[in-house]
Every structure is written in C-alpha cells, then in structure tokens.
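Undergrad: Got input.tsv for you, TSV, C-alpha atoms:
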```
chain	number	residue	atom	x	y	z
A	1	MET	CA	0.00	0.00	0.00
A	2	PRO	CA	1.37	3.45	-0.83
A	3	LEU	CA	2.26	5.85	1.97
A	4	TRP	CA	-0.36	8.44	0.91
A	5	PHE	CA	-3.09	5.86	1.44
A	6	PHE	CA	-2.11	5.38	5.09
A	7	ARG	CA	-1.79	9.11	5.60
A	8	GLN	CA	-5.23	9.68	4.14
A	9	ARG	CA	-6.71	6.91	6.24
A	10	ASN	CA	-5.08	8.31	9.37
A	11	HIS	CA	-6.39	11.75	8.50
A	12	HIS	CA	-9.96	10.45	8.33
A	13	GLN	CA	-9.48	8.49	11.52
A	14	VAL	CA	-8.29	11.61	13.32
A	15	GLN	CA	-11.37	13.48	12.10
A	16	ASP	CA	-13.60	10.64	13.29
A	17	LEU	CA	-11.84	10.59	16.64
A	18	LEU	CA	-12.24	14.35	17.11
A	19	MET	CA	-15.92	14.18	16.27
A	20	SER	CA	-16.57	11.16	18.51
A	21	HIS	CA	-14.76	12.97	21.31
A	22	ALA	CA	-16.85	16.15	20.76
A	23	ASP	CA	-20.10	14.17	20.71
A	24	ALA	CA	-19.11	12.41	23.94
A	25	LEU	CA	-18.21	15.74	25.59
A	26	VAL	CA	-21.57	17.21	24.63
A	27	ALA	CA	-23.45	14.13	25.81
A	28	GLY	CA	-21.37	13.86	29.00
A	29	THR	CA	-20.39	10.30	28.15
A	30	LEU	CA	-16.66	10.62	27.53
A	31	ASP	CA	-15.06	7.19	27.79
A	32	TRP	CA	-11.32	7.37	27.20
A	33	GLU	CA	-10.81	3.63	27.21
A	34	ALA	CA	-13.30	3.18	24.40
A	35	LEU	CA	-11.72	6.01	22.40
A	36	ILE	CA	-8.22	4.61	22.88
A	37	GLU	CA	-9.39	1.15	21.93
A	38	GLN	CA	-10.97	2.43	18.72
A	39	TYR	CA	-8.49	5.13	17.71
A	40	GLY	CA	-5.36	4.26	19.72
A	41	GLU	CA	-3.05	4.19	16.70
A	42	VAL	CA	-3.78	7.81	15.74
A	43	ILE	CA	-3.71	9.36	19.23
A	44	THR	CA	-0.36	11.12	19.02
A	45	SER	CA	0.72	14.02	21.20
A	46	GLN	CA	-0.44	16.39	18.45
A	47	VAL	CA	-3.90	14.86	18.45
A	48	GLN	CA	-4.00	14.90	22.25
A	49	SER	CA	-3.39	18.64	22.20
A	50	LEU	CA	-6.39	19.05	19.86
A	51	LEU	CA	-8.51	17.01	22.24
A	52	ARG	CA	-7.45	19.30	25.09
A	53	VAL	CA	-8.46	22.35	23.05
A	54	ALA	CA	-11.87	20.75	22.39
A	55	GLU	CA	-12.33	20.15	26.12
A	56	ARG	CA	-11.55	23.80	26.86
A	57	VAL	CA	-14.05	24.91	24.23
A	58	SER	CA	-16.68	22.59	25.66
A	59	ARG	CA	-16.14	24.02	29.15
A	60	SER	CA	-16.29	27.62	27.92
A	61	LEU	CA	-19.39	27.45	25.74
A	62	ASP	CA	-22.18	26.94	28.24
A	63	GLU	CA	-25.85	27.25	27.58
A	64	ILE	CA	-27.29	30.68	28.37
A	65	THR	CA	-30.84	31.26	29.58
A	66	PRO	CA	-32.56	34.37	28.23
A	67	SER	CA	-34.38	36.45	30.81
A	68	GLU	CA	-37.98	35.47	31.50
A	69	ARG	CA	-39.01	39.08	31.07
A	70	PHE	CA	-37.64	39.10	27.52
A	71	VAL	CA	-39.15	35.72	26.59
A	72	ASP	CA	-42.60	36.67	27.94
A	73	GLN	CA	-42.54	40.12	26.35
A	74	LEU	CA	-41.59	38.75	22.94
A	75	ARG	CA	-44.31	36.11	23.19
A	76	LEU	CA	-46.84	38.88	23.79
A	77	GLU	CA	-45.53	40.93	20.88
A	78	LEU	CA	-45.67	37.95	18.53
A	79	ARG	CA	-49.34	37.41	19.37
A	80	ASP	CA	-50.24	40.79	17.95
A	81	PRO	CA	-49.27	40.99	14.25
A	82	ASP	CA	-49.66	44.78	14.29
A	83	PHE	CA	-46.83	44.86	16.76
A	84	ALA	CA	-44.44	43.39	14.22
A	85	ALA	CA	-42.46	46.58	13.83
A	86	PRO	CA	-38.83	45.38	13.78
A	87	ASP	CA	-38.79	45.15	9.99
A	88	GLY	CA	-40.34	48.61	9.59
A	89	TRP	CA	-38.31	51.46	8.14
A	90	TRP	CA	-37.84	53.22	11.46
A	91	GLU	CA	-36.49	50.07	13.09
A	92	ARG	CA	-34.20	49.46	10.12
A	93	LEU	CA	-32.89	53.00	10.39
A	94	ARG	CA	-32.30	52.51	14.10
A	95	GLN	CA	-30.30	49.35	13.41
A	96	LEU	CA	-27.83	51.16	11.18
A	97	SER	CA	-24.45	52.17	12.54
A	98	PRO	CA	-24.17	55.73	13.95
A	99	ARG	CA	-21.94	56.70	11.01
A	100	THR	CA	-24.53	55.52	8.49
A	101	GLN	CA	-27.30	57.24	10.43
A	102	ILE	CA	-25.38	60.54	10.33
A	103	ALA	CA	-24.71	60.13	6.61
A	104	ALA	CA	-28.39	59.35	6.00
A	105	GLY	CA	-29.37	62.41	8.06
A	106	ILE	CA	-27.02	64.65	6.07
A	107	GLY	CA	-28.36	63.20	2.81
A	108	ILE	CA	-32.00	63.71	3.79
A	109	GLY	CA	-31.19	67.21	5.10
A	110	GLY	CA	-29.43	68.07	1.83
A	111	VAL	CA	-32.36	66.92	-0.28
A	112	ALA	CA	-34.81	68.87	1.92
A	113	ALA	CA	-32.64	72.02	1.73
A	114	THR	CA	-32.38	71.75	-2.08
A	115	LEU	CA	-36.16	71.36	-2.42
A	116	ALA	CA	-36.79	74.29	-0.08
A	117	ALA	CA	-34.30	76.49	-2.00
A	118	GLY	CA	-35.96	75.52	-5.29
A	119	VAL	CA	-39.42	76.39	-4.00
A	120	MET	CA	-38.18	79.71	-2.60
A	121	PHE	CA	-36.47	80.52	-5.91
A	122	LEU	CA	-39.69	79.86	-7.85
A	123	VAL	CA	-41.79	81.89	-5.40
A	124	SER	CA	-39.37	84.83	-5.50
A	125	ARG	CA	-39.31	84.78	-9.33
A	126	ARG	CA	-43.07	84.71	-9.40
A	127	SER	CA	-43.39	87.61	-6.99
A	128	LEU	CA	-40.78	89.58	-8.97
A	129	ALA	CA	-42.69	88.86	-12.17
A	130	ASP	CA	-45.81	90.30	-10.54
A	131	LEU	CA	-44.05	93.62	-9.87
A	132	PRO	CA	-45.08	96.38	-12.30
A	133	GLY	CA	-42.43	96.97	-14.96
A	134	PHE	CA	-40.42	93.80	-14.20
A	135	GLY	CA	-41.18	92.16	-17.53
A	136	ARG	CA	-40.69	95.40	-19.47
A	137	ASN	CA	-37.23	96.03	-18.05
A	138	ARG	CA	-36.24	92.50	-18.83
A	139	ARG	CA	-37.40	92.81	-22.40
A	140	THR	CA	-35.47	96.06	-22.74
A	141	VAL	CA	-32.31	94.38	-21.56
A	142	THR	CA	-32.63	91.44	-23.91
A	143	ALA	CA	-33.41	93.66	-26.84
B	1	MET	CA	-52.51	32.65	22.14
B	2	THR	CA	-55.86	31.37	21.05
B	3	ALA	CA	-56.52	28.70	18.48
B	4	PRO	CA	-58.62	29.58	15.46
B	5	ASP	CA	-62.13	28.25	15.22
B	6	THR	CA	-61.16	25.01	13.54
B	7	GLY	CA	-63.67	22.95	15.41
B	8	ALA	CA	-60.98	20.39	16.26
B	9	PHE	CA	-58.87	20.15	19.38
B	10	ARG	CA	-55.20	20.72	18.69
B	11	ASP	CA	-52.61	19.20	20.96
B	12	TYR	CA	-49.79	21.67	20.43
B	13	ALA	CA	-47.43	20.21	22.99
B	14	ASP	CA	-47.43	16.74	21.40
B	15	ALA	CA	-47.43	17.86	17.79
B	16	ASP	CA	-44.20	17.56	15.82
B	17	ASP	CA	-42.59	20.54	14.11
B	18	PRO	CA	-43.96	19.96	10.57
B	19	GLN	CA	-47.49	19.70	11.96
B	20	LEU	CA	-47.05	22.85	14.03
B	21	VAL	CA	-45.66	24.72	11.03
B	22	GLU	CA	-48.74	23.81	8.98
B	23	TRP	CA	-51.02	24.94	11.79
B	24	ALA	CA	-48.97	28.08	12.39
B	25	LYS	CA	-49.85	29.37	8.93
B	26	ASP	CA	-53.22	30.45	10.31
B	27	ASP	CA	-52.97	29.68	14.00
B	28	PRO	CA	-50.94	31.98	16.28
B	29	ALA	CA	-51.04	29.43	19.10
B	30	ALA	CA	-49.14	26.93	16.96
B	31	PHE	CA	-46.50	29.54	16.26
B	32	GLY	CA	-46.40	30.20	20.00
B	33	GLU	CA	-45.51	26.55	20.60
B	34	LEU	CA	-42.73	26.72	18.01
B	35	TYR	CA	-41.50	29.87	19.71
B	36	THR	CA	-41.44	28.12	23.08
B	37	ARG	CA	-39.42	25.25	21.61
B	38	TYR	CA	-36.78	27.37	19.91
B	39	VAL	CA	-36.47	30.74	21.62
B	40	LYS	CA	-33.72	29.58	23.97
B	41	LYS	CA	-31.72	27.88	21.22
B	42	ILE	CA	-31.91	30.86	18.91
B	43	TYR	CA	-31.07	33.20	21.77
B	44	ASN	CA	-27.96	31.13	22.61
B	45	TYR	CA	-26.89	31.05	19.00
B	46	VAL	CA	-27.26	34.80	18.60
B	47	TYR	CA	-25.71	35.56	21.99
B	48	TYR	CA	-22.49	33.74	21.20
B	49	ARG	CA	-22.34	35.37	17.77
B	50	THR	CA	-22.85	38.91	19.12
B	51	GLY	CA	-21.47	38.65	22.64
B	52	ASN	CA	-23.98	40.73	24.54
B	53	HIS	CA	-27.50	40.32	25.83
B	54	HIS	CA	-28.85	43.54	24.39
B	55	ASP	CA	-28.11	42.59	20.77
B	56	ALA	CA	-29.01	38.96	21.44
B	57	GLU	CA	-32.50	40.04	22.53
B	58	ASP	CA	-32.86	42.43	19.64
B	59	LEU	CA	-31.78	39.93	16.99
B	60	THR	CA	-33.71	37.04	18.54
B	61	SER	CA	-36.91	39.05	18.34
B	62	ARG	CA	-36.15	39.93	14.71
B	63	VAL	CA	-35.63	36.24	13.91
B	64	PHE	CA	-39.06	35.32	15.24
B	65	PHE	CA	-40.82	38.29	13.68
B	66	ARG	CA	-39.30	37.38	10.34
B	67	ALA	CA	-40.26	33.72	10.79
B	68	LEU	CA	-43.81	34.78	11.65
B	69	ALA	CA	-43.99	37.03	8.60
B	70	HIS	CA	-42.81	34.28	6.23
B	71	ILE	CA	-44.22	31.12	7.75
B	72	SER	CA	-47.21	31.17	5.40
B	73	ASN	CA	-44.75	30.73	2.51
B	74	TYR	CA	-42.78	27.98	4.25
B	75	THR	CA	-42.73	24.74	2.31
B	76	ASP	CA	-41.40	21.55	3.81
B	77	ARG	CA	-38.55	20.36	1.60
B	78	GLY	CA	-37.21	17.90	4.12
B	79	VAL	CA	-35.21	20.57	5.93
B	80	PRO	CA	-36.15	20.81	9.61
B	81	PHE	CA	-37.93	23.93	10.79
B	82	SER	CA	-35.07	24.54	13.23
B	83	ALA	CA	-32.64	24.73	10.30
B	84	TRP	CA	-34.85	27.36	8.69
B	85	LEU	CA	-34.81	29.39	11.92
B	86	TYR	CA	-31.03	29.06	12.28
B	87	ARG	CA	-30.58	30.26	8.71
B	88	ILE	CA	-32.70	33.33	9.41
B	89	ALA	CA	-30.62	33.92	12.54
B	90	HIS	CA	-27.38	33.40	10.63
B	91	ASN	CA	-28.40	35.94	7.97
B	92	LEU	CA	-29.47	38.53	10.52
B	93	VAL	CA	-26.28	38.11	12.53
B	94	ALA	CA	-24.19	38.38	9.36
B	95	ASN	CA	-26.03	41.61	8.45
B	96	TRP	CA	-25.52	42.86	11.98
B	97	HIS	CA	-21.77	42.30	11.74
B	98	ARG	CA	-21.63	43.86	8.30
B	99	ASP	CA	-23.70	46.93	9.21
B	100	ARG	CA	-21.94	47.65	12.43
B	101	GLY	CA	-18.47	46.60	11.41
B	102	ARG	CA	-17.72	45.45	14.91
B	103	ARG	CA	-17.21	41.77	14.67
B	104	LYS	CA	-14.44	41.86	17.22
B	105	MET	CA	-15.98	43.84	20.04
B	106	VAL	CA	-18.06	41.58	22.30
B	107	PRO	CA	-16.98	41.31	25.93
B	108	LEU	CA	-19.00	38.26	27.04
B	109	ASP	CA	-17.99	39.20	30.57
B	110	ASP	CA	-21.33	38.50	32.12
B	111	HIS	CA	-21.30	34.99	30.80
B	112	ILE	CA	-17.82	34.16	31.98
B	113	LEU	CA	-18.02	35.85	35.31
B	114	SER	CA	-21.53	34.97	36.31
B	115	GLY	CA	-22.42	32.72	39.18
B	116	LEU	CA	-19.54	33.80	41.34
B	117	GLY	CA	-19.15	35.77	44.49
B	118	THR	CA	-17.23	39.01	44.85
B	119	ASP	CA	-14.06	37.62	46.45
B	120	ILE	CA	-12.42	35.37	43.93
B	121	PRO	CA	-9.30	33.35	44.74
B	122	GLU	CA	-6.41	34.05	42.41
B	123	ALA	CA	-6.51	30.56	40.88
B	124	VAL	CA	-10.13	31.07	39.92
B	125	THR	CA	-9.32	34.48	38.48
B	126	GLU	CA	-6.62	32.93	36.33
B	127	SER	CA	-8.98	30.26	35.16
B	128	LEU	CA	-11.56	32.91	34.22
B	129	GLN	CA	-8.93	34.85	32.34
B	130	GLU	CA	-8.02	31.69	30.46
B	131	GLU	CA	-11.66	31.20	29.54
B	132	GLU	CA	-12.01	34.82	28.52
B	133	ARG	CA	-8.92	34.46	26.33
B	134	LEU	CA	-10.31	31.35	24.68
B	135	LEU	CA	-13.60	33.06	23.90
B	136	ALA	CA	-11.70	35.99	22.43
B	137	VAL	CA	-9.80	33.58	20.20
B	138	ILE	CA	-13.05	31.87	19.17
B	139	ARG	CA	-14.54	35.24	18.23
B	140	ASP	CA	-11.55	35.84	15.95
B	141	LEU	CA	-12.28	32.71	13.95
B	142	PRO	CA	-14.05	32.93	10.58
B	143	LEU	CA	-17.84	33.02	10.96
B	144	ASP	CA	-18.45	29.48	9.71
B	145	ARG	CA	-16.07	28.05	12.32
B	146	GLN	CA	-17.71	30.05	15.10
B	147	GLN	CA	-21.07	28.81	13.87
B	148	LEU	CA	-19.89	25.21	13.94
B	149	LEU	CA	-18.57	25.45	17.52
B	150	ILE	CA	-21.80	27.05	18.74
B	151	LEU	CA	-24.03	24.52	17.02
B	152	LYS	CA	-21.93	21.64	18.34
B	153	PHE	CA	-21.13	22.70	21.91
B	154	VAL	CA	-23.95	25.09	22.84
B	155	GLU	CA	-26.86	23.78	20.80
B	156	ARG	CA	-25.57	20.20	21.03
B	157	LEU	CA	-26.69	19.28	17.56
B	158	SER	CA	-25.64	16.18	15.66
B	159	ASN	CA	-23.33	16.46	12.66
B	160	ALA	CA	-26.25	15.68	10.37
B	161	GLU	CA	-28.30	18.55	11.81
B	162	ILE	CA	-25.33	20.92	11.63
B	163	GLY	CA	-24.76	19.84	8.03
B	164	VAL	CA	-28.35	20.76	7.11
B	165	ILE	CA	-28.09	24.17	8.78
B	166	MET	CA	-24.70	24.98	7.26
B	167	ASN	CA	-25.57	23.39	3.93
B	168	ARG	CA	-22.60	21.01	4.01
B	169	THR	CA	-22.10	17.26	4.08
B	170	GLU	CA	-21.27	15.48	7.33
B	171	GLY	CA	-17.79	14.80	5.96
B	172	ALA	CA	-17.32	18.51	5.35
B	173	ILE	CA	-18.46	19.25	8.90
B	174	LYS	CA	-15.88	16.79	10.31
B	175	SER	CA	-13.19	18.35	8.20
B	176	LEU	CA	-14.21	21.87	9.22
B	177	TYR	CA	-14.16	20.86	12.89
B	178	HIS	CA	-10.65	19.44	12.51
B	179	ARG	CA	-9.41	22.64	10.85
B	180	THR	CA	-11.16	24.73	13.49
B	181	LEU	CA	-9.34	22.93	16.31
B	182	LEU	CA	-6.00	23.23	14.48
B	183	SER	CA	-6.59	26.93	14.03
B	184	LEU	CA	-7.63	27.40	17.68
B	185	ARG	CA	-4.57	25.53	18.91
B	186	SER	CA	-2.30	27.63	16.75
B	187	LYS	CA	-3.86	30.89	17.93
B	188	LEU	CA	-3.69	29.80	21.57
B	189	GLU	CA	-0.02	28.88	21.19
B	190	GLN	CA	0.69	32.27	19.67
B	191	ASP	CA	-1.17	33.86	22.53
B	192	ASP	CA	0.86	31.89	25.09
B	193	GLN	CA	4.07	33.33	23.70
B	194	GLN	CA	2.94	36.86	24.48
B	195	PRO	CA	3.47	38.31	27.98
B	196	PRO	CA	0.54	37.58	30.31
B	197	PRO	CA	-1.84	40.45	31.09
B	198	ALA	CA	-1.61	42.10	34.50
B	199	ARG	CA	-3.47	40.07	37.01
B	200	ARG	CA	-6.43	41.83	38.42
B	201	LYS	CA	-9.20	41.07	40.80
B	202	ARG	CA	-12.55	41.97	39.46
B	203	ARG	CA	-15.95	42.31	40.94
B	204	PHE	CA	-18.28	39.72	39.61
B	205	LYS	CA	-21.99	39.59	39.22
B	206	ARG	CA	-24.19	36.76	40.33
B	207	GLY	CA	-26.63	34.90	38.18
B	208	ARG	CA	-26.45	32.86	35.04
B	209	GLN	CA	-29.69	34.20	33.64
B	210	ALA	CA	-29.45	36.99	31.13
B	211	GLY	CA	-31.85	39.10	33.11
B	212	ASN	CA	-29.71	38.89	36.22
B	213	THR	CA	-26.71	40.45	34.62
B	214	SER	CA	-26.24	43.90	33.23
B	215	ASP	CA	-25.14	44.42	29.70
B	216	PRO	CA	-21.58	45.55	29.32
B	217	ASP	CA	-22.46	47.90	26.52
```
For the file at hand, write its structure as structure tokens.
TA:
Amino acid sequence: MPLWFFRQRNHHQVQDLLMSHADALVAGTLDWEALIEQYGEVITSQVQSLLRVAERVSRSLDEITPSERFVDQLRLELRDPDFAAPDGWWERLRQLSPRTQIAAGIGIGGVAATLAAGVMFLVSRRSLADLPGFGRNRRTVTA
Amino acid sequence: MTAPDTGAFRDYADADDPQLVEWAKDDPAAFGELYTRYVKKIYNYVYYRTGNHHDAEDLTSRVFFRALAHISNYTDRGVPFSAWLYRIAHNLVANWHRDRGRRKMVPLDDHILSGLGTDIPEAVTESLQEEERLLAVIRDLPLDRQQLLILKFVERLSNAEIGVIMNRTEGAIKSLYHRTLLSLRSKLEQDDQQPPPARRKRRFKRGRQAGNTSDPD
C-alpha cells in the first residue's frame, strides 16, 4: 500500500476521533478507554493537544438562559401581528451604525434644503414677475 | 394565544414541528408553541455570535418576527424547521456584523463571570482569564467556524443537523471541525508566547440568567 493511502486513512481516523470525542463531551459520556481502543493508533501528542483544546471549548461554551421578562414580552408581541415593527423602516434606520445614520441624516437634510431652496427661488421669481415693470425692463435688456 | 375556530382540538405540545408549522400558517397558538421550543436555542446562537444580551435580545426578536412574517410561505422540503430558523438567525447576525463593522468587540464578561461571588481566589481568576482568552480567540475565527462550535457545543446538535443548517455534508463538517481545532490551537499557542496580562481582581456579578446580569455595553 502506498504511503499516501495510510496518511489519508489516518487523517480520516483523526477526524472521526475528534468528532466522537466532541459528541461524547456534549453528551457527558466521555469514555477514554473506548476512544483509545478504537483510535489508539492515531492518538499522538499532536492529536492529544487538539482534544485538550476541544475540552476547553466545551467548558467555555455553556448554555445561556434568556431572561424570562424578555421571553414573555416577545411572546406577547408575537401574538399581535400589528406589533411586528422590527422590519419597519424606522427600526431598520435605528439598526444602522451611527456613522450611516449621520450620513443618511445629512443626505436627507441636503435633499430637503435643495427642495426648499428651489421652491423659494420659484416663489421669489413669481413675486418679482408680478411687480409692475419687471417684464418690461427685462425685455429692454434682452433687446 | 388562542386557536382559530377550527372545530378540532389541537394538541400543540405533542405535535411535531412539521405539523405545528402547517397549523402556524393560520394559527398563532401553533406559532407560539414553536416559539417556546426554539427561543432559547436561537437566543444562545445569537448571543455567542454577538457577545452581549442587548443585541441577542434584539436579533432574537427579529428572527421570530421574520419567521412569523414568512411562515405562510414555508414549504417543507425535508429541511427541519429549526434549520430554517437558524438560517434566518445566521443571515441577521451576518447583516448585523456587516452593518456595524464590529465583529471583534463583544466582551461576554457577564457569561464568563456569572455565578460567582465578589471575592475570587487568584486561581479562579486565572482560570476565568483563560476562559475569557479562549472566547476571544473563538470570536476571531471565521464566521463558519464560530457557527460550527456554537451549534456543536452550545446547541448540542448532531453532525447531520449541523450539516443541514450549514448546507454542508457530514464529511465537510468533520473536516471543518478538525481545521477549526487546528486553528484554535495555533492561535492559543501564539497567545501563550505573548506576555501575560496584568493580574487583576474583578468584581463579579451573580446569576447565570441573562436578566440577572447587566449588559456591558
């Protein structure tokens, strides 16, 4: 058998060992003797160090319980479809980063200012046009 | 939540997920049962991906509102309902990271330090710092590796279930887990070579429940 075949087989065995170990950690049924019996030939010091890392991860990632207040409140909100606001535009805006919110504010402000300036320009032109002699002077100039 | 006037008694507690999903299309009480079954799991998933209770609550509620809004279009294609929920959660968390650009913040202090008194022996403090360091390293991993660790160790799902949620084969999940451990080991070894942080005694909060701890942000 070529060397690559054994390496590949060992590689798969290591993966199987790591997964069996993780499943046993999660289930609380870790049995080292059984693991050694099944995967003894691939348990090198390198693999042992990976198993230790997995055990640390397992210890660190505990289950968290959300607060009862939150769970009950959300249940109430889900009962009332009209309460389903989180996907509304205001909620979406609120979820944006402060930088994006400022940029959006400046953009909206700019558009509003441009519209207001345009309206004022039109109104002022109209009121100037209503002044007696405004049109005549203009015609004189263009002529 | 009240059942619609179907004229038939519905045993929500004993119904399986596909049955509840069908009922939930026009029956809020059925959706309520699905909510009861999955709120804690989704909350855990989101909490470990965001690192604080405030955002975990916010995103968890968005997951369920989105599920409620789209459940009438849900079609059973052999994928468990839980996988559908986790995918919604995954997308929302990914958007959250993208929008806020703060993937690496997350203190997770309340989680690590909960359930302890105020006077902590030095050995315990060191152990907590070790745990804090490990969680920091986990949060630096690519998102798919973080997702795998959470689904395996927090949600305690089988490889087949994880494969459905992550849209990968079981073989790919095994391989990803192997690479994740190699990467974690390498990062931890790098971390060990750096000088240790100044030891400090901290005041800890009691309580494992989210509501018993204050948000760090």
Undergrad: Just the residues within 12 Å of Val57 in chain A, please, counting only C-alpha atoms, with nothing from its chain fewer than 6 positions along; format it as a list in words.
TA: Ala22, Leu25, Val26, Leu50 and Leu51 of chain A; Glu130, Glu131, Glu132, Arg133, Leu134, Leu135, Ala136, Val137, Ile138, Arg139, Gln146, Leu148, Leu149, Ile150, Lys152, Phe153, Val154, Thr180, Leu181, Leu184, Arg185 and Leu188 of chain B
Undergrad: What are the residues of chain A that have an atom within 7 Å of an atom of chain B, counting only C-alpha atoms, as a list in words?
TA: Gln15, Met19, Val26, Leu50, Val53, Ala54, Ser58, Ser60, Leu61, Asp62, Glu63, Ile64, Thr65, Pro66, Ser67, Leu74, Leu78, Arg79, Ala84, Pro86, Leu96 and Ser97 of chain A
Undergrad: Go ahead and dump the residues you just picked, C-alpha atoms, as a compact mmCIF listing (two decimals), keeping the file's coordinate frame.
TA:
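As written to disk, selection.txt reads:
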```txt
# COMPACT_ATOMS: atom_id res chain seq x y z
CA GLN A 15 -11.37 13.48 12.10
CA MET A 19 -15.92 14.18 16.27
CA VAL A 26 -21.57 17.21 24.63
CA LEU A 50 -6.39 19.05 19.86
CA VAL A 53 -8.46 22.35 23.05
CA ALA A 54 -11.87 20.75 22.39
CA SER A 58 -16.68 22.59 25.66
CA SER A 60 -16.29 27.62 27.92
CA LEU A 61 -19.39 27.45 25.74
CA ASP A 62 -22.18 26.94 28.24
CA GLU A 63 -25.85 27.25 27.58
CA ILE A 64 -27.29 30.68 28.37
CA THR A 65 -30.84 31.26 29.58
CA PRO A 66 -32.56 34.37 28.23
CA SER A 67 -34.38 36.45 30.81
CA LEU A 74 -41.59 38.75 22.94
CA LEU A 78 -45.67 37.95 18.53
CA ARG A 79 -49.34 37.41 19.37
CA ALA A 84 -44.44 43.39 14.22
CA PRO A 86 -38.83 45.38 13.78
CA LEU A 96 -27.83 51.16 11.18
CA SER A 97 -24.45 52.17 12.54
```
Undergrad: Quick one: of A:Ala24, A:Leu76, A:Val111, A:Leu17, who's nearest to Gln38 in chain A, counting all atoms listed in the file?
TA: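 Of A:Ala24, A:Leu76, A:Val111, A:Leu17, the one nearest Gln38 in chain A, counting all atoms listed in the file, is A:Leu17.
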Undergrad: Enter the distance from CA of Val93 in chain B to CA of Tyr38 in chain B, in Å, rounded to one decimal.
TA: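 Computing the Euclidean distance for CA of Val93 in chain B and CA of Tyr38 in chain B yields 16.7 Å.
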Undergrad: Do you have the CA of Ser49 in chain A-CA of Leu18 in chain A distance handy?
TA: 11.1 Å
Undergrad: To one decimal in Å, tell me the separation between CA of Ala34 in chain A and CA of Arg56 in chain A.
TA: 20.8 Å
Undergrad: Fewer than 3 positions away in the same chain doesn't count, so skip those; otherwise give me all residues within 10 Å of Leu20 in chain B, counting all atoms listed in the file, as JSON, numbers by chain.
TA: {"B": [10, 11, 12, 13, 14, 15, 16, 17, 23, 24, 25, 27, 29, 30, 31, 32, 33, 34, 81]}
Undergrad: Show which residues sit within 9 Å of range 39-42 of chain A, as a ChimeraX atom specification. Count all atoms listed in the file, and ignore same-chain residues fewer than 6 positions away.
TA: /A:10-11,13-14,16-17
